[in-house]
Amino acid sequence: MALTPNDIFARVADTLQDSGNVRWTATELLRYLNDGRRELALHRPDLYSEYSSITLASGTKQSIPSTGNKFLDATRNYTSGDVVGRSVSLVEREVLDSQNPDWHSSTSSTAIVNFTFDERSPKTFYVYPPASGNGHKLEILYSVTPVDVTNSDLTSTTILSKEDLHVNTLINYILSKAYSKDAEYTGNAQRAISHYNLFATAIGISKQQLYLTSPNVSNVQGVTPKETGAS
């Protein structure tokens, strides 16, 4: 069972020796928790992934739902009547461009065959053939932006279910923010840095991490053209 936000705050208070929220208010700590969840979503979008059948727009360019922050994969077609159709597969855009430079204006279809994705535009992807725009659907996997925890959620055992195995990671983020507030006191600046480093190490912040949840993961050793200087 996932911990509640109050459980996390109790652990934070133990380290800060501020169980009465005298130096760090409950409002501050809640804000730090929500900041940490958004940072998790940025670097570990897989933690917030969901499957959804989206209705395709006419043409090749498509977008994930407004609640999402990153496209992760596409799996299969659905008809407008929600009947499962053929599977779809990833293709490099350069392949489509070289084999059919006019693929964006090709004849539209109700059955998507391929999709392509560029990490530099995380909320969009392209499909081939162009979608007909008649209600045809595609099942995709995408990362959802976490909804902020509010005061009414403090005793909820489900609000942090996606972060169940990353409670200590969130605690380190909150402690980093808390100690940053008092960085002028001896040792607190270093404590803030240490806790952030623990947070960063736990979630693997790096350029390479950007590609670990990308559908282009099979090309992870050859992504330099997608981001100059990627390593």
# chains A, B, ... in the order shown; residues from 1 in each chain; ligands from 1

call {"tool": "select_by_dssp", "arguments": {"residues": "segment 89-130 of chain A", "states": "helix (DSSP H, G or I)", "output": "list in words"}}
result
Arg93, Glu94, Val95, Leu96, Asp97, Ser98, Gln99, Trp103, His104 and Ser105 of chain A

call {"tool": "select_by_dssp", "arguments": {"residues": "segment 62-141 of chain A", "states": "strand (DSSP E)", "output": "VMD selection string"}}
result
chain A and resid 62 to 63 68 to 78 84 to 87 89 to 90 114 to 116 124 to 131 137 to 141

call {"tool": "residues_around", "arguments": {"residues": "Thr75 of chain A", "least_positions_apart": "6", "cutoff": "7 Å", "atoms": "only C-alpha atoms", "output": "ChimeraX atom specification"}}
result
/A:87-88,139-140

call {"tool": "closest_residue", "arguments": {"among": "A:Asp73, A:Glu28, A:Asp14, A:Asp164", "to": "Leu90 of chain A", "atoms": "only C-alpha atoms"}}
result
A:Asp73

call {"tool": "residues_around", "arguments": {"residues": "Ser214 of chain A", "least_positions_apart": "4", "cutoff": "8 Å", "atoms": "only C-alpha atoms", "output": "compact mmCIF listing (two decimals) with all heavy atoms, in the first residue's frame"}}
result
# COMPACT_ATOMS: atom_id res chain seq x y z
N PHE A 71 4.88 11.63 -25.35
CA PHE A 71 4.50 10.43 -26.09
C PHE A 71 5.53 9.33 -25.83
O PHE A 71 6.73 9.58 -25.85
CB PHE A 71 4.44 10.76 -27.58
CG PHE A 71 4.23 9.56 -28.48
CD1 PHE A 71 2.97 9.04 -28.68
CD2 PHE A 71 5.31 8.98 -29.12
CE1 PHE A 71 2.78 7.94 -29.52
CE2 PHE A 71 5.14 7.89 -29.95
CZ PHE A 71 3.86 7.36 -30.15
N LEU A 72 5.05 8.11 -25.58
CA LEU A 72 5.96 7.00 -25.29
C LEU A 72 5.92 5.89 -26.32
O LEU A 72 6.93 5.27 -26.61
CB LEU A 72 5.65 6.42 -23.90
CG LEU A 72 5.82 7.36 -22.71
CD1 LEU A 72 5.41 6.66 -21.42
CD2 LEU A 72 7.25 7.86 -22.61
N ASP A 73 4.72 5.61 -26.89
CA ASP A 73 4.63 4.50 -27.84
C ASP A 73 3.24 4.49 -28.47
O ASP A 73 2.30 5.14 -27.98
CB ASP A 73 4.86 3.17 -27.11
CG ASP A 73 5.35 2.06 -28.04
OD1 ASP A 73 5.45 2.31 -29.26
OD2 ASP A 73 5.62 0.95 -27.55
N GLU A 119 12.27 13.15 -30.12
CA GLU A 119 12.33 13.50 -28.70
C GLU A 119 12.30 15.01 -28.45
O GLU A 119 11.95 15.45 -27.36
CB GLU A 119 13.59 12.92 -28.05
CG GLU A 119 13.58 11.41 -27.92
CD GLU A 119 14.02 10.70 -29.18
OE1 GLU A 119 14.40 11.41 -30.16
OE2 GLU A 119 13.99 9.47 -29.22
N LEU A 210 16.93 10.77 -21.24
CA LEU A 210 15.88 11.27 -22.12
C LEU A 210 15.40 10.21 -23.08
O LEU A 210 14.23 10.15 -23.45
CB LEU A 210 16.42 12.48 -22.92
CG LEU A 210 15.56 13.03 -24.06
CD1 LEU A 210 14.28 13.64 -23.50
CD2 LEU A 210 16.35 14.06 -24.85

call {"tool": "residues_around", "arguments": {"residues": "His195 of chain A", "least_positions_apart": "5", "cutoff": "12 Å", "atoms": "only C-alpha atoms", "output": "JSON, numbers by chain"}}
result
{"A": [12, 15, 168, 169, 170, 171, 172, 173, 174, 175, 176, 177, 178, 179, 180, 188, 189, 190, 200, 201, 202]}

call {"tool": "write_last_selection", "arguments": {"atoms": "N, CA and C atoms", "output": "PDB file, in the first residue's frame"}}
result
ATOM      1  N   VAL A  12      10.004  13.597   6.702  1.00  0.00           N
ATOM      2  CA  VAL A  12      10.745  14.829   6.453  1.00  0.00           C
ATOM      3  C   VAL A  12      10.938  15.608   7.753  1.00  0.00           C
ATOM      4  N   THR A  15      13.771  14.356   9.974  1.00  0.00           N
ATOM      5  CA  THR A  15      15.109  14.775   9.566  1.00  0.00           C
ATOM      6  C   THR A  15      15.345  16.259   9.845  1.00  0.00           C
ATOM      7  N   ASN A 168      11.413   7.546  -0.945  1.00  0.00           N
ATOM      8  CA  ASN A 168      12.679   8.109  -0.459  1.00  0.00           C
ATOM      9  C   ASN A 168      13.244   9.134  -1.436  1.00  0.00           C
ATOM     10  N   THR A 169      13.012   8.926  -2.709  1.00  0.00           N
ATOM     11  CA  THR A 169      13.456   9.879  -3.718  1.00  0.00           C
ATOM     12  C   THR A 169      12.754  11.217  -3.530  1.00  0.00           C
ATOM     13  N   LEU A 170      11.440  11.172  -3.311  1.00  0.00           N
ATOM     14  CA  LEU A 170      10.683  12.399  -3.071  1.00  0.00           C
ATOM     15  C   LEU A 170      11.105  13.066  -1.768  1.00  0.00           C
ATOM     16  N   ILE A 171      11.376  12.269  -0.749  1.00  0.00           N
ATOM     17  CA  ILE A 171      11.819  12.826   0.525  1.00  0.00           C
ATOM     18  C   ILE A 171      13.130  13.588   0.346  1.00  0.00           C
ATOM     19  N   ASN A 172      14.050  13.032  -0.428  1.00  0.00           N
ATOM     20  CA  ASN A 172      15.306  13.721  -0.678  1.00  0.00           C
ATOM     21  C   ASN A 172      15.093  15.026  -1.428  1.00  0.00           C
ATOM     22  N   TYR A 173      14.140  15.046  -2.352  1.00  0.00           N
ATOM     23  CA  TYR A 173      13.856  16.291  -3.067  1.00  0.00           C
ATOM     24  C   TYR A 173      13.310  17.339  -2.106  1.00  0.00           C
ATOM     25  N   ILE A 174      12.353  16.945  -1.258  1.00  0.00           N
ATOM     26  CA  ILE A 174      11.763  17.885  -0.301  1.00  0.00           C
ATOM     27  C   ILE A 174      12.823  18.423   0.650  1.00  0.00           C
ATOM     28  N   LEU A 175      13.693  17.547   1.130  1.00  0.00           N
ATOM     29  CA  LEU A 175      14.753  17.986   2.040  1.00  0.00           C
ATOM     30  C   LEU A 175      15.725  18.940   1.342  1.00  0.00           C
ATOM     31  N   SER A 176      16.003  18.678   0.083  1.00  0.00           N
ATOM     32  CA  SER A 176      16.870  19.569  -0.673  1.00  0.00           C
ATOM     33  C   SER A 176      16.273  20.969  -0.753  1.00  0.00           C
ATOM     34  N   LYS A 177      14.986  21.051  -1.054  1.00  0.00           N
ATOM     35  CA  LYS A 177      14.322  22.353  -1.133  1.00  0.00           C
ATOM     36  C   LYS A 177      14.268  23.024   0.235  1.00  0.00           C
ATOM     37  N   ALA A 178      14.004  22.232   1.268  1.00  0.00           N
ATOM     38  CA  ALA A 178      13.897  22.787   2.615  1.00  0.00           C
ATOM     39  C   ALA A 178      15.229  23.364   3.080  1.00  0.00           C
ATOM     40  N   TYR A 179      16.306  22.619   2.911  1.00  0.00           N
ATOM     41  CA  TYR A 179      17.621  23.109   3.336  1.00  0.00           C
ATOM     42  C   TYR A 179      18.088  24.284   2.480  1.00  0.00           C
ATOM     43  N   SER A 180      17.639  24.348   1.242  1.00  0.00           N
ATOM     44  CA  SER A 180      17.994  25.488   0.389  1.00  0.00           C
ATOM     45  C   SER A 180      17.431  26.785   0.952  1.00  0.00           C
ATOM     46  N   ASN A 188      23.917  23.811   5.859  1.00  0.00           N
ATOM     47  CA  ASN A 188      22.650  23.580   5.167  1.00  0.00           C
ATOM     48  C   ASN A 188      22.786  23.610   3.647  1.00  0.00           C
ATOM     49  N   ALA A 189      23.670  24.452   3.145  1.00  0.00           N
ATOM     50  CA  ALA A 189      23.881  24.492   1.691  1.00  0.00           C
ATOM     51  C   ALA A 189      24.384  23.148   1.196  1.00  0.00           C
ATOM     52  N   GLN A 190      25.326  22.567   1.934  1.00  0.00           N
ATOM     53  CA  GLN A 190      25.862  21.269   1.549  1.00  0.00           C
ATOM     54  C   GLN A 190      24.808  20.180   1.704  1.00  0.00           C
ATOM     55  N   ALA A 200      18.783  13.041  -7.699  1.00  0.00           N
ATOM     56  CA  ALA A 200      19.185  12.953  -9.104  1.00  0.00           C
ATOM     57  C   ALA A 200      19.742  11.579  -9.440  1.00  0.00           C
ATOM     58  N   THR A 201      20.542  11.025  -8.535  1.00  0.00           N
ATOM     59  CA  THR A 201      21.121   9.699  -8.768  1.00  0.00           C
ATOM     60  C   THR A 201      20.033   8.631  -8.833  1.00  0.00           C
ATOM     61  N   ALA A 202      19.029   8.742  -7.960  1.00  0.00           N
ATOM     62  CA  ALA A 202      17.955   7.745  -7.900  1.00  0.00           C
ATOM     63  C   ALA A 202      17.150   7.686  -9.194  1.00  0.00           C
TER      64      ALA A 202
END

call {"tool": "residues_around", "arguments": {"residues": "Ala13 of chain A", "least_positions_apart": "3", "cutoff": "12 Å", "atoms": "only C-alpha atoms", "output": "NGL selection string"}}
result
:A and (6-10 or 16-26 or 29 or 171 or 174-175 or 178)

call {"tool": "write_last_selection", "arguments": {"atoms": "N, CA and C atoms", "output": "mmCIF file, in the first residue's frame"}}
result
data_model
loop_
_atom_site.group_PDB
_atom_site.id
_atom_site.type_symbol
_atom_site.label_atom_id
_atom_site.label_comp_id
_atom_site.auth_asym_id
_atom_site.auth_seq_id
_atom_site.Cartn_x
_atom_site.Cartn_y
_atom_site.Cartn_z
ATOM 1 N N ASN A 6 0.925 12.616 4.270
ATOM 2 C CA ASN A 6 1.271 12.868 5.673
ATOM 3 C C ASN A 6 2.390 11.958 6.163
ATOM 4 N N ASP A 7 2.428 10.720 5.672
ATOM 5 C CA ASP A 7 3.509 9.802 6.037
ATOM 6 C C ASP A 7 4.858 10.348 5.564
ATOM 7 N N ILE A 8 4.866 10.895 4.358
ATOM 8 C CA ILE A 8 6.099 11.479 3.822
ATOM 9 C C ILE A 8 6.519 12.694 4.646
ATOM 10 N N PHE A 9 5.555 13.555 4.967
ATOM 11 C CA PHE A 9 5.879 14.757 5.727
ATOM 12 C C PHE A 9 6.388 14.420 7.125
ATOM 13 N N ALA A 10 5.897 13.345 7.707
ATOM 14 C CA ALA A 10 6.376 12.926 9.028
ATOM 15 C C ALA A 10 7.844 12.531 8.958
ATOM 16 N N LEU A 16 14.333 17.061 9.599
ATOM 17 C CA LEU A 16 14.460 18.506 9.810
ATOM 18 C C LEU A 16 14.362 18.889 11.287
ATOM 19 N N GLN A 17 13.925 17.940 12.115
ATOM 20 C CA GLN A 17 13.672 18.213 13.534
ATOM 21 C C GLN A 17 12.719 19.398 13.682
ATOM 22 N N ASP A 18 11.628 19.314 12.921
ATOM 23 C CA ASP A 18 10.643 20.397 12.892
ATOM 24 C C ASP A 18 9.233 19.800 12.821
ATOM 25 N N SER A 19 8.913 18.951 13.800
ATOM 26 C CA SER A 19 7.630 18.254 13.783
ATOM 27 C C SER A 19 6.440 19.200 13.929
ATOM 28 N N GLY A 20 6.679 20.388 14.444
ATOM 29 C CA GLY A 20 5.585 21.344 14.609
ATOM 30 C C GLY A 20 5.437 22.308 13.456
ATOM 31 N N ASN A 21 6.198 22.087 12.372
ATOM 32 C CA ASN A 21 6.155 22.972 11.194
ATOM 33 C C ASN A 21 6.395 24.431 11.571
ATOM 34 N N VAL A 22 7.375 24.642 12.448
ATOM 35 C CA VAL A 22 7.704 25.995 12.879
ATOM 36 C C VAL A 22 8.560 26.704 11.828
ATOM 37 N N ARG A 23 9.621 26.037 11.370
ATOM 38 C CA ARG A 23 10.521 26.662 10.388
ATOM 39 C C ARG A 23 10.042 26.434 8.969
ATOM 40 N N TRP A 24 9.499 25.283 8.712
ATOM 41 C CA TRP A 24 8.984 24.962 7.383
ATOM 42 C C TRP A 24 7.497 24.658 7.512
ATOM 43 N N THR A 25 6.668 25.497 6.951
ATOM 44 C CA THR A 25 5.220 25.339 7.098
ATOM 45 C C THR A 25 4.708 24.152 6.294
ATOM 46 N N ALA A 26 3.533 23.677 6.678
ATOM 47 C CA ALA A 26 2.912 22.569 5.949
ATOM 48 C C ALA A 26 2.656 22.949 4.500
ATOM 49 N N LEU A 29 5.972 22.559 2.540
ATOM 50 C CA LEU A 29 6.323 21.164 2.297
ATOM 51 C C LEU A 29 5.423 20.542 1.235
ATOM 52 N N ILE A 171 11.376 12.269 -0.749
ATOM 53 C CA ILE A 171 11.819 12.826 0.525
ATOM 54 C C ILE A 171 13.130 13.588 0.346
ATOM 55 N N ILE A 174 12.353 16.945 -1.258
ATOM 56 C CA ILE A 174 11.763 17.885 -0.301
ATOM 57 C C ILE A 174 12.823 18.423 0.650
ATOM 58 N N LEU A 175 13.693 17.547 1.130
ATOM 59 C CA LEU A 175 14.753 17.986 2.040
ATOM 60 C C LEU A 175 15.725 18.940 1.342
ATOM 61 N N ALA A 178 14.004 22.232 1.268
ATOM 62 C CA ALA A 178 13.897 22.787 2.615
ATOM 63 C C ALA A 178 15.229 23.364 3.080
#

call {"tool": "residues_around", "arguments": {"residues": "Trp103 of chain A", "least_positions_apart": "5", "cutoff": "9 Å", "atoms": "only C-alpha atoms", "output": "ChimeraX atom specification"}}
result
/A:60,96-97,128-130

call {"tool": "atom_distance", "arguments": {"atom1": "atom CA of Tyr142 of chain A", "atom2": "atom CA of Glu50 of chain A"}}
result
5.6 Å

call {"tool": "closest_residue", "arguments": {"among": "A:Pro215, A:Pro5, A:Gly36, A:Gly59", "to": "Ala131 of chain A", "atoms": "only C-alpha atoms"}}
result
A:Gly59

call {"tool": "closest_residue", "arguments": {"among": "A:Val83, A:Ile64, A:Leu47, A:Leu40", "to": "Tyr126 of chain A", "atoms": "only C-alpha atoms"}}
result
A:Ile64

call {"tool": "atom_distance", "arguments": {"atom1": "atom CA of Leu3 of chain A", "atom2": "atom CA of Leu33 of chain A"}}
result
13.1 Å

call {"tool": "atom_distance", "arguments": {"atom1": "atom CA of Asp82 of chain A", "atom2": "atom CA of Val113 of chain A"}}
result
17.4 Å

call {"tool": "closest_residue", "arguments": {"among": "A:Phe115, A:Phe199, A:Tyr32, A:Tyr48", "to": "Asn69 of chain A", "atoms": "only C-alpha atoms"}}
result
A:Tyr48

call {"tool": "closest_residue", "arguments": {"among": "A:Ile205, A:Leu56, A:Ile159, A:Val149", "to": "Ser108 of chain A", "atoms": "only C-alpha atoms"}}
result
A:Leu56
